[in-house]
Structures are given as C-alpha cells and as structure tokens.
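One structure is given here, and the rest of the page talks about it.
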Amino acid sequence: MAGALDGQVAVVTGASRGIGRACALELARHGAQVVVNYVANADAAEETRDAIHELGGTVVLVKADVSDAEAASDLIETAVEELGKVDILVNNAGINRDRTLSRLSVEEWDEVIGTNLSGMFYCTRAAVPHMREANYGRIINISSVIGQMGNIGQANYGATKAGMIGFTKTAARELARNNITVNAVCPGFVSTEMVTALPENIQDNIKAQIPLGRFGEPEEIAAVVRFLCTEGSWFTGAQLSPNGGQYM
C-alpha cells in the first residue's frame, strides 16, 4: 500500500497528538504530503513533524485555531500556497468540557461547539472550492461513539459529535457530483490523553462495557481514515464505527 497517496496533500486538524497525530503519520506513510495543524502545543506538533520527516515525508506545520473562521480559512490557504492543493481534509480537532447539564456553563457549551462543530464547518467550507476545482476530494470527520449513543456529562460534546454526523450526510449528498466523498469515523474509547487521564476505576468500568474488553489505539482509527482515502472511493455519507462492539 505504500505510495498509494503519492502526490496527494492532506490537512489534518488537531494533529499534534492522539488520533490526529496517528492520522498524519499514517497518511504520510502512504505517500501524502501532510499539513499538521495545531493550536497550542508546539512541542508536540514538532514531534509529529519530526516523525513524518523520519518516514521521508513532506510536512508543513500550521498553528491555527479552527474555531475562528478566518484562522481556519488561512490554514487551508496556507496548505494550497505551500503544497499546491488540498486533496484530503481530516477534521479531527476536538475538545471536551465535561459537565452535567445542571453545571454546564454557556461558555463551556460555546467553547466545545466552536472547536468541534464550527471548526469542521469552517475548514470544510474553505477546502471545498479547491476540491471542486480539482474534481476530487476526501473529507473525513472524526466524530465519536458519544455522538451516536450519548453519555452522562457530555451534552456539549455529544451534540457536536452527533452534529458532525448530520453535517457529513448532507455534505456527502451535495458534493458527490464533484467526486468529493465525505464520511464520518466514530471511534469508541481510544487510548489518548482524554481517556487515559480518567481515574483507573472509571477506565475499568468503560472497558467492562466494551465486548472486546479494551480501548482502541489511535493507529487503529488512523487505519480507517487511510482506508477511506485509498480504497473507500464508494463510501460517502457513511458512519464507520471502530468501537470494540460498545455500540452497534
């Protein structure tokens, strides 16, 4: 499969750590030139860049807060200026501010909506004209099992992830005529900082709900993203759900 993405340019938002980093590395491993977006953790972003360089790949770092429409647009334009085009967009940037409804503040609601949902829209809106011009594109939105099944204390997060699925279905219908596919990947609980920071007893309780009995690995999610870019040309508007059987 090496080289299947030769000549393609991929923008991965929130790519300094976790699933985003794994996606950036996986796409680079298969030949894509990668734009690694980050918002705060420059050290982690540079580690991702160095790892791609070790693979012999081309990488551009772009600091941008995708919850800001202008910054998201600048991210895409920088990709085009530096690498000539955008073939693949992985909308991965996401945050959580977990609170039960009675304690959830307006600011915590707005912050999560801004990054997870609006950020996806802003980046997609900026990338689509370039993809339409090329009559080709692959857009992958990293949703979550929480957007499918809900979870206590995550009304804001769940709303954004469910919204990503609805956005995916509509965008897929609108963009199919331009040979642009739009799909959602809805991971279950994955061994990232967001999950491993949970108390051990809570982690054990979650694993008990997963038939395969373990958390996923970021690389397993990245493999699904790569599949959609290399072999998934007849998938659009789909929800792919790597979740260990937690939600079917």
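Just so we're on the same page: first chain in the structure tokens is A, next is B, and so on; residues restart at 1 for each chain, and ligands are numbered from 1 in the order they show up.
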Mind checking which residues fall within 6 Å of region 239-241 of chain A, counting only C-alpha atoms, ignoring those fewer than 5 positions away in the same chain, and posting them as an MDAnalysis selection string? chainID A and resid 184:187
Which of region 30-248 of chain A fall in strand (DSSP E or B), as a PyMOL selection string: chain A and resi 33-38+59-63+88-91+99+137-142+154+180-185+190+216+239-240
Can you tell me which residues surround Glu108 (chain A) at a distance of at most 12 Å, considering only C-alpha atoms, apart from same-chain residues fewer than 2 positions away, and format the answer as a VMD selection string? chain A and resid 95 to 101 103 to 106 110 to 115 153 to 157
Excluding Pro211 (chain A) and its own-chain neighbours fewer than 2 positions away, which residues fall within 12 Å of it when counting only C-alpha atoms? Please give them as a list in words. Gly188, Ile206, Lys207, Ala208, Gln209, Gly213, Arg214, Phe215, Gly216, Asn243, Gly244, Gly245, Gln246, Tyr247 and Met248 of chain A
Just list the residues in region 97-245 of chain A DSSP gives helix (DSSP H, G or I) on the backbone, as a PyMOL selection string. chain A and resi 106-134+146-149+155-178+193-196+200-208+218-230
Check which residues of region 79-160 of chain A sit at most 7 Å from region 173-182 of chain A using only C-alpha atoms, and return one row each with the closest pair of atoms and their distance in Å to one decimal, ordered by chain and rising number, as a Markdown table.
| residue | atom | partner | partner_atom | distance |
| --- | --- | --- | --- | --- |
| A:Arg132 | CA | A:Asn178 | CA | 5.7 |
| A:Asn135 | CA | A:Asn178 | CA | 5.0 |
| A:Tyr136 | CA | A:Asn179 | CA | 5.0 |
| A:Gly137 | CA | A:Ile180 | CA | 4.3 |
| A:Arg138 | CA | A:Thr181 | CA | 5.1 |
| A:Ile139 | CA | A:Val182 | CA | 4.7 |
| A:Ile140 | CA | A:Val182 | CA | 5.9 |
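Compared by their closest atoms to Glu217 (chain A), and using only C-alpha atoms, the residues A:Asp204, A:Arg21, A:Ser102, A:Ile146 rank with A:Arg21 nearest.
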Shell of 10 Å around His30 (chain A), only C-alpha atoms, local chain residues under 2 positions omitted, as a ChimeraX atom specification: /A:1-6,8,25-28,32-33,55,57,226,230
For region 129-161 of chain A versus region 74-78 of chain A, which residues have an atom no more than 12 Å away, and what is each residue's nearest atom pair and distance in Å rounded to one decimal, using only C-alpha atoms, chain-then-number order, as a tab-separated table?
residue	atom	partner	partner_atom	distance
A:Pro129	CA	A:Ile76	CA	10.6
A:His130	CA	A:Ile76	CA	9.3
A:Met131	CA	A:Ile76	CA	11.3
Please report as a Markdown table every residue of region 37-129 of chain A lying within 12 Å of region 9-14 of chain A, along with the nearest atom pair and their distance in Å (one decimal), using only C-alpha atoms.
| residue | atom | partner | partner_atom | distance |
| --- | --- | --- | --- | --- |
| A:Asn37 | CA | A:Thr13 | CA | 4.8 |
| A:Tyr38 | CA | A:Gly14 | CA | 5.1 |
| A:Val39 | CA | A:Gly14 | CA | 7.3 |
| A:Ala40 | CA | A:Gly14 | CA | 9.7 |
| A:Asn41 | CA | A:Gly14 | CA | 9.8 |
| A:Ala42 | CA | A:Gly14 | CA | 11.4 |
| A:Ala44 | CA | A:Gly14 | CA | 10.6 |
| A:Ala45 | CA | A:Gly14 | CA | 9.1 |
| A:Thr48 | CA | A:Gly14 | CA | 11.1 |
| A:Gly57 | CA | A:Val9 | CA | 11.2 |
| A:Thr58 | CA | A:Val9 | CA | 9.4 |
| A:Val59 | CA | A:Val9 | CA | 9.5 |
| A:Val60 | CA | A:Val11 | CA | 9.4 |
| A:Leu61 | CA | A:Val11 | CA | 10.0 |
| A:Val62 | CA | A:Thr13 | CA | 9.3 |
| A:Lys63 | CA | A:Gly14 | CA | 9.6 |
| A:Ala64 | CA | A:Thr13 | CA | 8.9 |
| A:Asp65 | CA | A:Gly14 | CA | 9.2 |
| A:Val66 | CA | A:Thr13 | CA | 7.9 |
| A:Ser67 | CA | A:Thr13 | CA | 11.1 |
| A:Ala71 | CA | A:Thr13 | CA | 11.9 |
| A:Ala72 | CA | A:Thr13 | CA | 9.5 |
| A:Leu75 | CA | A:Val11 | CA | 8.6 |
| A:Ile76 | CA | A:Val11 | CA | 7.7 |
| A:Glu77 | CA | A:Val11 | CA | 10.8 |
| A:Thr78 | CA | A:Val11 | CA | 10.2 |
| A:Ala79 | CA | A:Val11 | CA | 7.3 |
| A:Val80 | CA | A:Val9 | CA | 8.8 |
| A:Glu81 | CA | A:Val9 | CA | 11.6 |
| A:Glu82 | CA | A:Val9 | CA | 10.2 |
| A:Leu83 | CA | A:Val9 | CA | 7.0 |
| A:Gly84 | CA | A:Val9 | CA | 8.1 |
| A:Lys85 | CA | A:Val9 | CA | 6.4 |
| A:Val86 | CA | A:Val9 | CA | 5.2 |
| A:Asp87 | CA | A:Val9 | CA | 5.3 |
| A:Ile88 | CA | A:Ala10 | CA | 4.4 |
| A:Leu89 | CA | A:Val11 | CA | 4.9 |
| A:Val90 | CA | A:Val12 | CA | 4.7 |
| A:Asn91 | CA | A:Thr13 | CA | 5.5 |
| A:Asn92 | CA | A:Thr13 | CA | 5.2 |
| A:Ala93 | CA | A:Gly14 | CA | 4.1 |
| A:Gly94 | CA | A:Gly14 | CA | 7.1 |
| A:Ile95 | CA | A:Gly14 | CA | 9.6 |
| A:Thr115 | CA | A:Gly14 | CA | 10.1 |
| A:Asn116 | CA | A:Gly14 | CA | 10.4 |
| A:Gly119 | CA | A:Thr13 | CA | 9.2 |
| A:Met120 | CA | A:Thr13 | CA | 9.0 |
| A:Tyr122 | CA | A:Thr13 | CA | 11.6 |
| A:Cys123 | CA | A:Thr13 | CA | 8.8 |
| A:Thr124 | CA | A:Val11 | CA | 10.7 |
| A:Ala126 | CA | A:Val11 | CA | 11.7 |
| A:Ala127 | CA | A:Val11 | CA | 9.5 |
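Closest approach to Gly237 (chain A) among A:Ala69, A:Ala159, A:Ala171, A:Val145: A:Ala171, based on only C-alpha atoms.
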What separation in Å, quoted to one decimal, exists between CA of Arg29 (chain A) and CA of Glu47 (chain A)? 15.6 Å
Quick one: residues within 8 Å of Lys161 (chain A), only C-alpha atoms counted, chain neighbours fewer than 5 positions away excluded, as a compact mmCIF listing (two decimals) with C-alpha atoms, in the first residue's frame?
# COMPACT_ATOMS: atom_id res chain seq x y z
CA ASN A 116 -15.66 20.58 17.36
CA LEU A 117 -18.58 21.58 15.15
CA SER A 143 -16.96 12.06 15.24
CA SER A 144 -17.41 9.75 18.25
CA ILE A 146 -20.73 9.58 22.10
CA GLY A 147 -22.48 11.28 19.19
CA GLN A 148 -24.29 8.01 18.49
When distances are computed from only C-alpha atoms, which of A:Gly232, A:Gly7, A:Gly31, A:Gly20 shows the smallest separation from Asn141 (chain A)? A:Gly20
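Using only C-alpha atoms, the nearest neighbour of Ser118 (chain A) within the list A:Cys23, A:Ile52, A:Ala238, A:Met164 is A:Met164.
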Between A:Val224, A:Ile142, A:Cys229, A:Val128, which has the minimum distance to Ala15 (chain A) (counting only C-alpha atoms)? A:Ile142
